[in-house]
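Student: Dropping in final-v1.pdb, with PDB, C-alpha atoms.
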MODEL        1
ATOM      1  CA  MET X   1       0.000   0.000   0.000  1.00  0.00           C
ATOM      2  CA  HIS X   2       1.583   3.265  -1.112  1.00  0.00           C
ATOM      3  CA  SER X   3      -1.184   5.847  -0.682  1.00  0.00           C
ATOM      4  CA  SER X   4       0.164   9.278   0.257  1.00  0.00           C
ATOM      5  CA  LYS X   5      -2.735   9.548   2.704  1.00  0.00           C
ATOM      6  CA  LEU X   6      -1.185   6.887   4.954  1.00  0.00           C
ATOM      7  CA  ILE X   7       1.973   7.274   7.042  1.00  0.00           C
ATOM      8  CA  ILE X   8       3.703   4.038   7.993  1.00  0.00           C
ATOM      9  CA  ASP X   9       4.384   3.503  11.695  1.00  0.00           C
ATOM     10  CA  ASN X  10       7.365   1.151  11.709  1.00  0.00           C
ATOM     11  CA  TRP X  11       7.451   0.772  15.492  1.00  0.00           C
ATOM     12  CA  LEU X  12       3.797  -0.216  15.753  1.00  0.00           C
ATOM     13  CA  THR X  13       4.140  -2.435  12.688  1.00  0.00           C
ATOM     14  CA  ARG X  14       6.778  -4.485  14.489  1.00  0.00           C
ATOM     15  CA  HIS X  15       4.659  -4.943  17.600  1.00  0.00           C
ATOM     16  CA  LEU X  16       1.305  -5.618  15.935  1.00  0.00           C
ATOM     17  CA  GLY X  17       2.803  -7.969  13.383  1.00  0.00           C
ATOM     18  CA  LEU X  18       1.095  -6.299  10.388  1.00  0.00           C
ATOM     19  CA  PRO X  19       1.533  -3.027   8.495  1.00  0.00           C
ATOM     20  CA  ALA X  20       0.394  -0.153  10.739  1.00  0.00           C
ATOM     21  CA  TYR X  21      -0.407   3.316   9.406  1.00  0.00           C
ATOM     22  CA  THR X  22      -1.624   6.695  10.609  1.00  0.00           C
ATOM     23  CA  LEU X  23      -4.202   8.402   8.401  1.00  0.00           C
ATOM     24  CA  LYS X  24      -3.443  11.961   7.314  1.00  0.00           C
ATOM     25  CA  GLU X  25      -6.006  14.734   7.144  1.00  0.00           C
ATOM     26  CA  PRO X  26      -8.209  15.712   5.377  1.00  0.00           C
ATOM     27  CA  PHE X  27     -10.087  12.502   6.053  1.00  0.00           C
ATOM     28  CA  SER X  28     -12.859  13.345   3.601  1.00  0.00           C
ATOM     29  CA  CYS X  29     -10.407  12.767   0.729  1.00  0.00           C
ATOM     30  CA  LEU X  30      -9.962   9.098   1.624  1.00  0.00           C
ATOM     31  CA  THR X  31     -11.616   6.717  -0.824  1.00  0.00           C
ATOM     32  CA  ALA X  32     -12.215   2.976  -0.758  1.00  0.00           C
ATOM     33  CA  SER X  33      -9.330   2.515  -3.202  1.00  0.00           C
ATOM     34  CA  ASP X  34      -6.941   4.099  -0.659  1.00  0.00           C
ATOM     35  CA  VAL X  35      -7.746   1.470   1.957  1.00  0.00           C
ATOM     36  CA  PRO X  36      -5.406  -1.557   1.862  1.00  0.00           C
ATOM     37  CA  SER X  37      -6.972  -4.763   0.590  1.00  0.00           C
ATOM     38  CA  ASN X  38      -4.362  -6.895   2.372  1.00  0.00           C
ATOM     39  CA  ARG X  39      -3.736  -7.131   6.125  1.00  0.00           C
ATOM     40  CA  ALA X  40      -3.272  -3.679   7.654  1.00  0.00           C
ATOM     41  CA  PHE X  41      -3.969  -1.537  10.704  1.00  0.00           C
ATOM     42  CA  ILE X  42      -4.831   2.158  10.372  1.00  0.00           C
ATOM     43  CA  THR X  43      -5.275   4.792  13.089  1.00  0.00           C
ATOM     44  CA  ALA X  44      -7.312   7.962  12.632  1.00  0.00           C
ATOM     45  CA  LYS X  45      -7.855  10.724  15.185  1.00  0.00           C
ATOM     46  CA  VAL X  46     -10.960  12.809  14.530  1.00  0.00           C
ATOM     47  CA  GLU X  47     -11.621  15.888  16.626  1.00  0.00           C
ATOM     48  CA  SER X  48     -15.043  16.094  18.239  1.00  0.00           C
ATOM     49  CA  GLY X  49     -17.360  18.169  16.106  1.00  0.00           C
ATOM     50  CA  GLN X  50     -16.022  16.783  12.834  1.00  0.00           C
ATOM     51  CA  GLN X  51     -19.107  14.648  12.387  1.00  0.00           C
ATOM     52  CA  SER X  52     -18.974  14.491   8.597  1.00  0.00           C
ATOM     53  CA  GLU X  53     -15.384  13.193   8.678  1.00  0.00           C
ATOM     54  CA  LEU X  54     -16.321  10.687  11.375  1.00  0.00           C
ATOM     55  CA  SER X  55     -19.266   9.412   9.359  1.00  0.00           C
ATOM     56  CA  HIS X  56     -17.133   9.206   6.197  1.00  0.00           C
ATOM     57  CA  LEU X  57     -14.507   7.021   7.869  1.00  0.00           C
ATOM     58  CA  GLN X  58     -17.113   4.772   9.460  1.00  0.00           C
ATOM     59  CA  LYS X  59     -18.636   4.124   6.041  1.00  0.00           C
ATOM     60  CA  LEU X  60     -15.194   2.963   4.885  1.00  0.00           C
ATOM     61  CA  GLY X  61     -14.949   0.444   7.738  1.00  0.00           C
ATOM     62  CA  PHE X  62     -13.229   2.446  10.484  1.00  0.00           C
ATOM     63  CA  ARG X  63     -14.499   1.830  14.023  1.00  0.00           C
ATOM     64  CA  VAL X  64     -14.560   4.216  16.979  1.00  0.00           C
ATOM     65  CA  ILE X  65     -12.410   2.535  19.634  1.00  0.00           C
ATOM     66  CA  THR X  66     -12.123   5.222  22.315  1.00  0.00           C
ATOM     67  CA  VAL X  67     -13.026   8.836  22.940  1.00  0.00           C
ATOM     68  CA  ASN X  68     -10.014  10.736  24.249  1.00  0.00           C
ATOM     69  CA  VAL X  69     -10.257  13.769  26.515  1.00  0.00           C
ATOM     70  CA  GLN X  70      -7.440  16.327  26.571  1.00  0.00           C
ATOM     71  CA  LEU X  71      -6.813  18.383  29.702  1.00  0.00           C
ATOM     72  CA  ARG X  72      -4.479  21.261  30.503  1.00  0.00           C
ATOM     73  CA  CYS X  73      -3.018  22.671  33.698  1.00  0.00           C
ATOM     74  CA  LYS X  74      -1.651  26.223  33.664  1.00  0.00           C
ATOM     75  CA  SER X  75      -1.662  26.970  37.407  1.00  0.00           C
ATOM     76  CA  LEU X  76       1.905  25.805  38.036  1.00  0.00           C
ATOM     77  CA  SER X  77       3.389  27.029  41.295  1.00  0.00           C
ATOM     78  CA  GLY X  78       6.899  27.842  40.076  1.00  0.00           C
ATOM     79  CA  SER X  79       8.208  27.243  43.605  1.00  0.00           C
ATOM     80  CA  GLY X  80      10.561  24.430  42.713  1.00  0.00           C
ATOM     81  CA  PRO X  81      10.309  20.658  43.163  1.00  0.00           C
ATOM     82  CA  VAL X  82       8.292  19.415  46.099  1.00  0.00           C
ATOM     83  CA  HIS X  83      10.069  17.089  48.478  1.00  0.00           C
ATOM     84  CA  LEU X  84       8.157  13.854  48.200  1.00  0.00           C
ATOM     85  CA  THR X  85      10.605  11.375  49.617  1.00  0.00           C
ATOM     86  CA  ASN X  86       9.088   8.434  47.730  1.00  0.00           C
ATOM     87  CA  VAL X  87       9.061  10.122  44.265  1.00  0.00           C
ATOM     88  CA  ARG X  88      12.270  10.475  42.272  1.00  0.00           C
ATOM     89  CA  HIS X  89      13.757  10.334  38.801  1.00  0.00           C
ATOM     90  CA  ALA X  90      13.978   6.882  37.270  1.00  0.00           C
ATOM     91  CA  ARG X  91      17.292   5.042  37.161  1.00  0.00           C
ATOM     92  CA  PRO X  92      18.424   2.367  34.688  1.00  0.00           C
ATOM     93  CA  ALA X  93      17.998  -0.294  37.381  1.00  0.00           C
ATOM     94  CA  ASP X  94      14.276   0.592  37.589  1.00  0.00           C
ATOM     95  CA  GLU X  95      13.551  -0.530  34.040  1.00  0.00           C
ATOM     96  CA  PRO X  96      12.355  -4.110  34.769  1.00  0.00           C
ATOM     97  CA  SER X  97       9.911  -2.916  37.446  1.00  0.00           C
ATOM     98  CA  ILE X  98       8.583  -0.096  35.298  1.00  0.00           C
ATOM     99  CA  ARG X  99       8.127  -2.381  32.313  1.00  0.00           C
ATOM    100  CA  LYS X 100       6.211  -4.854  34.463  1.00  0.00           C
ATOM    101  CA  ILE X 101       3.839  -2.148  35.710  1.00  0.00           C
ATOM    102  CA  ALA X 102       3.282  -0.912  32.143  1.00  0.00           C
ATOM    103  CA  ARG X 103       2.576  -4.447  30.947  1.00  0.00           C
ATOM    104  CA  GLU X 104      -0.034  -5.077  33.650  1.00  0.00           C
ATOM    105  CA  SER X 105      -1.659  -1.699  34.341  1.00  0.00           C
ATOM    106  CA  PHE X 106      -3.680  -0.603  31.319  1.00  0.00           C
ATOM    107  CA  SER X 107      -7.170  -1.410  30.084  1.00  0.00           C
ATOM    108  CA  HIS X 108      -8.832   1.810  28.855  1.00  0.00           C
ATOM    109  CA  ASP X 109      -6.354   2.717  26.086  1.00  0.00           C
ATOM    110  CA  ARG X 110      -7.133   2.163  22.430  1.00  0.00           C
ATOM    111  CA  PHE X 111      -5.042  -0.973  22.078  1.00  0.00           C
ATOM    112  CA  HIS X 112      -6.747  -2.760  24.960  1.00  0.00           C
ATOM    113  CA  ALA X 113     -10.175  -1.467  23.921  1.00  0.00           C
ATOM    114  CA  ASP X 114      -9.816  -2.885  20.397  1.00  0.00           C
ATOM    115  CA  THR X 115     -11.251  -6.408  20.452  1.00  0.00           C
ATOM    116  CA  ASN X 116      -9.249  -7.273  17.318  1.00  0.00           C
ATOM    117  CA  ILE X 117      -5.981  -6.860  19.227  1.00  0.00           C
ATOM    118  CA  PRO X 118      -5.098  -9.718  21.613  1.00  0.00           C
ATOM    119  CA  ARG X 119      -4.615  -8.663  25.224  1.00  0.00           C
ATOM    120  CA  SER X 120      -1.049  -9.974  25.194  1.00  0.00           C
ATOM    121  CA  VAL X 121      -0.187  -7.769  22.213  1.00  0.00           C
ATOM    122  CA  ALA X 122      -1.768  -4.674  23.805  1.00  0.00           C
ATOM    123  CA  ASP X 123       0.198  -5.363  27.004  1.00  0.00           C
ATOM    124  CA  GLU X 124       3.407  -5.668  24.993  1.00  0.00           C
ATOM    125  CA  VAL X 125       2.759  -2.355  23.220  1.00  0.00           C
ATOM    126  CA  LYS X 126       2.486  -0.529  26.545  1.00  0.00           C
ATOM    127  CA  GLU X 127       5.568  -2.233  27.959  1.00  0.00           C
ATOM    128  CA  GLN X 128       7.676  -1.366  24.932  1.00  0.00           C
ATOM    129  CA  TRP X 129       6.247   2.158  24.924  1.00  0.00           C
ATOM    130  CA  VAL X 130       7.810   2.974  28.283  1.00  0.00           C
ATOM    131  CA  ALA X 131      10.903   0.889  27.505  1.00  0.00           C
ATOM    132  CA  ASN X 132      11.659   3.362  24.720  1.00  0.00           C
ATOM    133  CA  TYR X 133      12.556   5.927  27.386  1.00  0.00           C
ATOM    134  CA  PHE X 134      15.504   3.790  28.478  1.00  0.00           C
ATOM    135  CA  LYS X 135      16.564   3.481  24.829  1.00  0.00           C
ATOM    136  CA  GLY X 136      16.551   7.258  24.458  1.00  0.00           C
ATOM    137  CA  LYS X 137      13.710   7.083  21.925  1.00  0.00           C
ATOM    138  CA  ARG X 138      10.751   8.553  23.838  1.00  0.00           C
ATOM    139  CA  GLY X 139      10.218  11.045  26.625  1.00  0.00           C
ATOM    140  CA  ASN X 140      12.205  13.740  28.393  1.00  0.00           C
ATOM    141  CA  ALA X 141      11.545  12.721  31.993  1.00  0.00           C
ATOM    142  CA  LEU X 142      10.500   9.597  33.830  1.00  0.00           C
ATOM    143  CA  PHE X 143       9.513   9.730  37.498  1.00  0.00           C
ATOM    144  CA  VAL X 144       8.901   6.767  39.784  1.00  0.00           C
ATOM    145  CA  LEU X 145       7.190   6.293  43.103  1.00  0.00           C
ATOM    146  CA  GLU X 146       9.130   3.953  45.358  1.00  0.00           C
ATOM    147  CA  GLU X 147       8.100   2.536  48.696  1.00  0.00           C
ATOM    148  CA  HIS X 148      10.135   0.103  50.811  1.00  0.00           C
ATOM    149  CA  GLY X 149      12.456  -0.526  47.883  1.00  0.00           C
ATOM    150  CA  SER X 150       9.696  -1.384  45.405  1.00  0.00           C
ATOM    151  CA  ILE X 151       8.579   0.662  42.386  1.00  0.00           C
ATOM    152  CA  LEU X 152       4.806   1.133  42.652  1.00  0.00           C
ATOM    153  CA  GLY X 153       4.177   3.613  39.837  1.00  0.00           C
ATOM    154  CA  PHE X 154       5.687   5.799  37.135  1.00  0.00           C
ATOM    155  CA  LEU X 155       5.007   8.917  35.070  1.00  0.00           C
ATOM    156  CA  LEU X 156       6.544   9.463  31.630  1.00  0.00           C
ATOM    157  CA  ALA X 157       6.583  13.013  30.223  1.00  0.00           C
ATOM    158  CA  ILE X 158       7.444  14.555  26.866  1.00  0.00           C
ATOM    159  CA  LYS X 159       8.431  18.164  26.200  1.00  0.00           C
ATOM    160  CA  ASP X 160       6.734  18.954  22.895  1.00  0.00           C
ATOM    161  CA  LYS X 161       7.111  22.750  22.981  1.00  0.00           C
ATOM    162  CA  PRO X 162       9.595  25.082  24.742  1.00  0.00           C
ATOM    163  CA  GLN X 163       7.126  25.899  27.515  1.00  0.00           C
ATOM    164  CA  ARG X 164       4.946  22.781  27.480  1.00  0.00           C
ATOM    165  CA  PHE X 165       5.127  19.190  28.700  1.00  0.00           C
ATOM    166  CA  ASN X 166       2.763  16.306  28.036  1.00  0.00           C
ATOM    167  CA  ILE X 167       2.101  13.522  30.520  1.00  0.00           C
ATOM    168  CA  ASP X 168       2.598  10.707  28.038  1.00  0.00           C
ATOM    169  CA  LEU X 169       1.971   7.671  30.228  1.00  0.00           C
ATOM    170  CA  ILE X 170       1.226   7.112  33.888  1.00  0.00           C
ATOM    171  CA  GLY X 171       0.863   3.718  35.520  1.00  0.00           C
ATOM    172  CA  ILE X 172       0.263   2.442  39.038  1.00  0.00           C
ATOM    173  CA  ALA X 173       0.668  -1.196  40.047  1.00  0.00           C
ATOM    174  CA  LYS X 174      -2.773  -2.791  40.392  1.00  0.00           C
ATOM    175  CA  ALA X 175      -2.294  -3.774  44.029  1.00  0.00           C
ATOM    176  CA  HIS X 176      -1.512  -0.184  45.006  1.00  0.00           C
ATOM    177  CA  ARG X 177      -4.275   1.831  43.361  1.00  0.00           C
ATOM    178  CA  GLY X 178      -6.580   4.048  45.379  1.00  0.00           C
ATOM    179  CA  GLN X 179      -3.730   5.260  47.592  1.00  0.00           C
ATOM    180  CA  ARG X 180      -3.119   8.671  45.955  1.00  0.00           C
ATOM    181  CA  PHE X 181       0.071   7.468  44.272  1.00  0.00           C
ATOM    182  CA  GLY X 182      -1.023   8.906  40.927  1.00  0.00           C
ATOM    183  CA  GLU X 183      -1.629  12.233  42.659  1.00  0.00           C
ATOM    184  CA  PHE X 184       1.868  12.168  44.187  1.00  0.00           C
ATOM    185  CA  LEU X 185       3.462  11.574  40.788  1.00  0.00           C
ATOM    186  CA  VAL X 186       1.490  14.377  39.119  1.00  0.00           C
ATOM    187  CA  THR X 187       2.281  16.755  41.992  1.00  0.00           C
ATOM    188  CA  PHE X 188       5.989  16.033  41.650  1.00  0.00           C
ATOM    189  CA  ALA X 189       5.845  16.478  37.870  1.00  0.00           C
ATOM    190  CA  GLN X 190       3.971  19.784  38.170  1.00  0.00           C
ATOM    191  CA  ALA X 191       6.527  21.193  40.598  1.00  0.00           C
ATOM    192  CA  TYR X 192       9.506  19.838  38.674  1.00  0.00           C
ATOM    193  CA  PHE X 193       8.364  21.284  35.360  1.00  0.00           C
ATOM    194  CA  SER X 194       7.508  24.671  36.865  1.00  0.00           C
ATOM    195  CA  ALA X 195      10.902  25.091  38.570  1.00  0.00           C
ATOM    196  CA  GLY X 196      12.879  27.946  37.059  1.00  0.00           C
ATOM    197  CA  GLY X 197       9.995  28.973  34.821  1.00  0.00           C
ATOM    198  CA  HIS X 198      10.837  26.353  32.195  1.00  0.00           C
ATOM    199  CA  CYS X 199       7.215  25.291  31.729  1.00  0.00           C
ATOM    200  CA  SER X 200       3.976  27.250  31.644  1.00  0.00           C
ATOM    201  CA  GLU X 201       1.525  24.426  31.025  1.00  0.00           C
ATOM    202  CA  ILE X 202       1.133  20.658  31.192  1.00  0.00           C
ATOM    203  CA  LEU X 203      -1.155  18.638  28.937  1.00  0.00           C
ATOM    204  CA  VAL X 204      -2.511  15.164  29.472  1.00  0.00           C
ATOM    205  CA  GLY X 205      -4.915  12.914  27.619  1.00  0.00           C
ATOM    206  CA  THR X 206      -7.074  10.105  28.916  1.00  0.00           C
ATOM    207  CA  GLN X 207     -10.091   8.110  27.814  1.00  0.00           C
ATOM    208  CA  ILE X 208     -13.617   9.199  28.647  1.00  0.00           C
ATOM    209  CA  THR X 209     -14.199   5.754  30.181  1.00  0.00           C
ATOM    210  CA  ASN X 210     -11.294   6.239  32.606  1.00  0.00           C
ATOM    211  CA  LEU X 211     -13.304   8.115  35.209  1.00  0.00           C
ATOM    212  CA  SER X 212     -10.746   7.721  37.985  1.00  0.00           C
ATOM    213  CA  SER X 213      -8.080   9.437  35.876  1.00  0.00           C
ATOM    214  CA  LEU X 214     -10.439  12.226  34.847  1.00  0.00           C
ATOM    215  CA  ARG X 215     -11.322  12.888  38.480  1.00  0.00           C
ATOM    216  CA  LEU X 216      -7.650  12.868  39.466  1.00  0.00           C
ATOM    217  CA  TYR X 217      -6.609  15.431  36.870  1.00  0.00           C
ATOM    218  CA  GLN X 218      -9.551  17.738  37.490  1.00  0.00           C
ATOM    219  CA  ARG X 219      -8.899  17.565  41.231  1.00  0.00           C
ATOM    220  CA  MET X 220      -5.332  18.676  40.560  1.00  0.00           C
ATOM    221  CA  GLY X 221      -6.194  21.764  38.564  1.00  0.00           C
ATOM    222  CA  PHE X 222      -6.482  20.385  35.039  1.00  0.00           C
ATOM    223  CA  SER X 223      -9.379  21.527  32.874  1.00  0.00           C
ATOM    224  CA  VAL X 224     -10.841  19.908  29.775  1.00  0.00           C
ATOM    225  CA  ILE X 225      -9.800  21.660  26.555  1.00  0.00           C
ATOM    226  CA  GLY X 226     -10.912  19.169  23.913  1.00  0.00           C
ATOM    227  CA  SER X 227     -11.859  15.663  22.921  1.00  0.00           C
ATOM    228  CA  SER X 228     -11.391  13.391  19.940  1.00  0.00           C
ATOM    229  CA  TYR X 229     -12.469  10.056  18.518  1.00  0.00           C
ATOM    230  CA  MET X 230      -9.798   7.395  18.059  1.00  0.00           C
ATOM    231  CA  LEU X 231     -10.687   5.116  15.165  1.00  0.00           C
ATOM    232  CA  HIS X 232      -9.076   1.892  13.958  1.00  0.00           C
ATOM    233  CA  TYR X 233      -9.327   0.128  10.658  1.00  0.00           C
ATOM    234  CA  ASN X 234      -8.368  -3.545  10.783  1.00  0.00           C
ATOM    235  CA  SER X 235      -8.247  -5.589   7.584  1.00  0.00           C
ATOM    236  CA  ASN X 236      -7.448  -9.284   7.888  1.00  0.00           C
TER     237      ASN X 236
ENDMDL
END
For the file at hand, write its structure as C-alpha cells.
Tutor:
Amino acid sequence: MHSSKLIIDNWLTRHLGLPAYTLKEPFSCLTASDVPSNRAFITAKVESGQQSELSHLQKLGFRVITVNVQLRCKSLSGSGPVHLTNVRHARPADEPSIRKIARESFSHDRFHADTNIPRSVADEVKEQWVANYFKGKRGNALFVLEEHGSILGFLLAIKDKPQRFNIDLIGIAKAHRGQRFGEFLVTFAQAYFSAGGHCSEILVGTQITNLSSLRLYQRMGFSVIGSSYMLHYNSN
C-alpha cells in the first residue's frame, strides 16, 4: 500500500505484526481505493465536532475505539520541586519494574479497547512504549514512586514545545491503586516542570471511560480543553 494519505508507523508495525499506518487529514479525501486490501492496521484521530469526517470514515470500515479527553493545567506554582521522599527520577535499574507495571496496568487505552488486538499484544505495546525511554527514543523525563524498595508507579513526560510538557503515560501497580500514588506523581511532575519557569503548562490525555483518571486530573487543577475520537481500521 503506497497511498500518500497513509503514514507508515514502523514501530507499531513491528509490535502488531502487520503493516500499521496513521491516516493523514483531510479525512474526507480518503476513498475505498486508498484502503489496503491486504492485512493492515490504520489509526485515525478525529476531533469532536467533525461529524462528517467521522461518518465518512465509518462508512469505509473504520471503528470508533475510544473517545479521548485532553486536559491542561496552567496553574503551576513555580516554587521548585516538592520534596516527596518516595518520588524520584527513574534510574536504569528501575527498568524491569517499570516495564512490568506498564505491561499489567492498562485497560482503557485504544489498544486494549480494540477487540481485534489480543490482550497480550496490547500489554506488549504498553511495555515497549515505556521501555523506549531507556533506549533514548521517547520522553524527556520519567519519574517513579518507590516505597520500601519497590517501584509502585511511574510517570513518563514529553516536552513537545519550549514551555509545554505532556504527561505521556502514567501507571500504578494494580495492588496499590486508590492510595493517591497517581496524585503524588502528578504533583511532583507539576513542581519539577515549573521550577525555574521552564514550563507554563502541562497537557494530558485520557479516555472518557477512565473516570478515575479524569477525576484525578480535574482535582489537581487540570481543565478539559478538547476531545477526539480514536478510530481503527483492521483488515485481515
Student: Pull out every residue that the PyMOL selection byres ((chain X and resi 225-235) around 6) matches in the shown coordinates and put them as a ChimeraX atom specification.
Tutor: /X:39-48,62-71,224,236
Student: One number please: atom CA of Lys126 of chain X to atom CA of Gly17 of chain X, in Å, one decimal.
Tutor: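 It comes out at 15.1 Å.
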Student: What separation in Å, quoted to one decimal, exists between atom CA of Phe154 of chain X and atom CA of Ile170 of chain X?
Tutor: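 Here the two named atoms are 5.7 Å from each other.
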Student: Residues within 9 Å of Tyr217 of chain X, please, as a list of chain:residue names. Count all atoms listed in the file; anything in the same chain fewer than 2 positions from it doesn't count.
Tutor: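 Counting all atoms listed in the file, the residues come to X:Leu71, X:Arg72, X:Cys73, X:Glu183, X:Val186, X:Val204, X:Ser212, X:Ser213, X:Leu214, X:Arg215, X:Arg219, X:Met220, X:Gly221, X:Phe222, X:Ser223.
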Student: Pick out the residues sitting within 9 Å of Leu156 of chain X, and hand them over as a short mmCIF file (atom, residue, chain, number, x, y, z; two decimals) with C-alpha atoms, in the frame of the given file; count all atoms listed in the file, and ignore anything fewer than 5 positions along from it in its own chain.
Tutor:
data_model
loop_
_atom_site.label_atom_id
_atom_site.label_comp_id
_atom_site.auth_asym_id
_atom_site.auth_seq_id
_atom_site.Cartn_x
_atom_site.Cartn_y
_atom_site.Cartn_z
CA VAL X 130 7.81 2.97 28.28
CA TYR X 133 12.56 5.93 27.39
CA ARG X 138 10.75 8.55 23.84
CA GLY X 139 10.22 11.04 26.62
CA ASN X 140 12.20 13.74 28.39
CA ALA X 141 11.54 12.72 31.99
CA LEU X 142 10.50 9.60 33.83
CA PHE X 143 9.51 9.73 37.50
CA VAL X 144 8.90 6.77 39.78
CA ASN X 166 2.76 16.31 28.04
CA ILE X 167 2.10 13.52 30.52
CA ASP X 168 2.60 10.71 28.04
CA LEU X 169 1.97 7.67 30.23
CA ILE X 170 1.23 7.11 33.89
CA GLY X 171 0.86 3.72 35.52
#
Student: Choose the residue, out of X:Leu6, X:Ala189, X:Asn210, X:Lys24, that has the smallest atom-to-atom separation from Pro36 of chain X; count all atoms listed in the file.
Tutor: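 Under the stated criterion, the closest residue is X:Leu6.
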Student: Which residues are near Trp11 of chain X? Cut-off 10 Å, only C-alpha atoms, ignore same chain within fewer than 3 positions. Put them as a VMD selection string.
Tutor: chain X and resid 8 14 to 16 19 to 20 125 128 to 129
Student: Do you know which residues the PyMOL selection byres ((chain X and resi 120-124) around 10) returns on this file, as a list of chain:residue names?
Tutor: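 After applying the PyMOL selection byres ((chain X and resi 120-124) around 10), what remains is X:His15, X:Leu16, X:Gly17, X:Arg99, X:Lys100, X:Ile101, X:Ala102, X:Arg103, X:Glu104, X:Ser105, X:Phe106, X:Ser107, X:Asp109, X:Arg110, X:Phe111, X:His112, X:Ala113, X:Asp114, X:Ile117, X:Pro118, X:Arg119, X:Val125, X:Lys126, X:Glu127, X:Gln128, X:Trp129.
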Student: Written as a ChimeraX atom specification, which residues does the PyMOL selection byres ((chain X and resi 34) around 12) give for the file shown?
Tutor: /X:1-6,23-24,27-33,35-38,40,42,57,60
Student: Can you measure atom CA of Cys199 of chain X to atom CA of Pro162 of chain X for me? One decimal in Å is fine.
Tutor: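 Taking atom CA of Cys199 of chain X and atom CA of Pro162 of chain X, their separation equals 7.4 Å.
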Student: At a cut-off of 8 Å, using only C-alpha atoms, what residues contact Gln163 of chain X? Leave out same-chain residues fewer than 6 positions from it and give the result as number ranges by chain.
Tutor: X: 198-201
Student: Restricting it to C-alpha atoms, dump the selection as a PDB file, keeping the file's coordinate frame.
Tutor:
ATOM      1  CA  HIS X 198      10.837  26.353  32.195  1.00  0.00           C
ATOM      2  CA  CYS X 199       7.215  25.291  31.729  1.00  0.00           C
ATOM      3  CA  SER X 200       3.976  27.250  31.644  1.00  0.00           C
ATOM      4  CA  GLU X 201       1.525  24.426  31.025  1.00  0.00           C
TER       5      GLU X 201
END
Student: Using all atoms listed in the file for the distances, tell me which of X:Gly49, X:Gln190, X:Pro96, X:Ile172 is nearest to Phe134 of chain X.
Tutor: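 Looking at the shortest contact to Phe134 of chain X, the residue is X:Pro96.
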Student: So, counting all atoms listed in the file, which residue among X:Lys74, X:Glu25, X:Lys161, X:Glu147 is closest to Glu53 of chain X?
Tutor: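 Nearest to Glu53 of chain X: X:Glu25.
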Student: Once N, CA and C atoms are restored for segment 8-21 of chain X, what would the output be as a JSON list (two decimals), in the coordinates of the input?
Tutor:
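part16.json, freshly written:
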[["chain", "number", "residue", "atom", "x", "y", "z"],
["X", 8, "ILE", "N", 3.33, 5.30, 7.36],
["X", 8, "ILE", "CA", 3.70, 4.04, 7.99],
["X", 8, "ILE", "C", 4.26, 4.29, 9.39],
["X", 9, "ASP", "N", 3.86, 3.46, 10.33],
["X", 9, "ASP", "CA", 4.38, 3.50, 11.70],
["X", 9, "ASP", "C", 5.20, 2.22, 11.88],
["X", 10, "ASN", "N", 6.51, 2.34, 11.68],
["X", 10, "ASN", "CA", 7.36, 1.15, 11.71],
["X", 10, "ASN", "C", 7.40, 0.50, 13.08],
["X", 11, "TRP", "N", 7.40, 1.32, 14.14],
["X", 11, "TRP", "CA", 7.45, 0.77, 15.49],
["X", 11, "TRP", "C", 6.20, -0.05, 15.79],
["X", 12, "LEU", "N", 5.04, 0.50, 15.49],
["X", 12, "LEU", "CA", 3.80, -0.22, 15.75],
["X", 12, "LEU", "C", 3.65, -1.42, 14.83],
["X", 13, "THR", "N", 4.16, -1.30, 13.62],
["X", 13, "THR", "CA", 4.14, -2.44, 12.69],
["X", 13, "THR", "C", 4.85, -3.64, 13.29],
["X", 14, "ARG", "N", 6.01, -3.39, 13.89],
["X", 14, "ARG", "CA", 6.78, -4.49, 14.49],
["X", 14, "ARG", "C", 6.00, -5.16, 15.61],
["X", 15, "HIS", "N", 5.30, -4.37, 16.42],
["X", 15, "HIS", "CA", 4.66, -4.94, 17.60],
["X", 15, "HIS", "C", 3.27, -5.53, 17.32],
["X", 16, "LEU", "N", 2.61, -5.04, 16.29],
["X", 16, "LEU", "CA", 1.30, -5.62, 15.94],
["X", 16, "LEU", "C", 1.45, -6.79, 14.98],
["X", 17, "GLY", "N", 2.58, -6.86, 14.30],
["X", 17, "GLY", "CA", 2.80, -7.97, 13.38],
["X", 17, "GLY", "C", 2.09, -7.81, 12.05],
["X", 18, "LEU", "N", 1.70, -6.60, 11.69],
["X", 18, "LEU", "CA", 1.10, -6.30, 10.39],
["X", 18, "LEU", "C", 1.32, -4.83, 10.10],
["X", 19, "PRO", "N", 1.27, -4.43, 8.82],
["X", 19, "PRO", "CA", 1.53, -3.03, 8.49],
["X", 19, "PRO", "C", 0.60, -2.08, 9.25],
["X", 20, "ALA", "N", 1.17, -1.10, 9.94],
["X", 20, "ALA", "CA", 0.39, -0.15, 10.74],
["X", 20, "ALA", "C", 0.62, 1.25, 10.18],
["X", 21, "TYR", "N", -0.47, 1.98, 10.00],
["X", 21, "TYR", "CA", -0.41, 3.32, 9.41],
["X", 21, "TYR", "C", -1.17, 4.32, 10.26]]
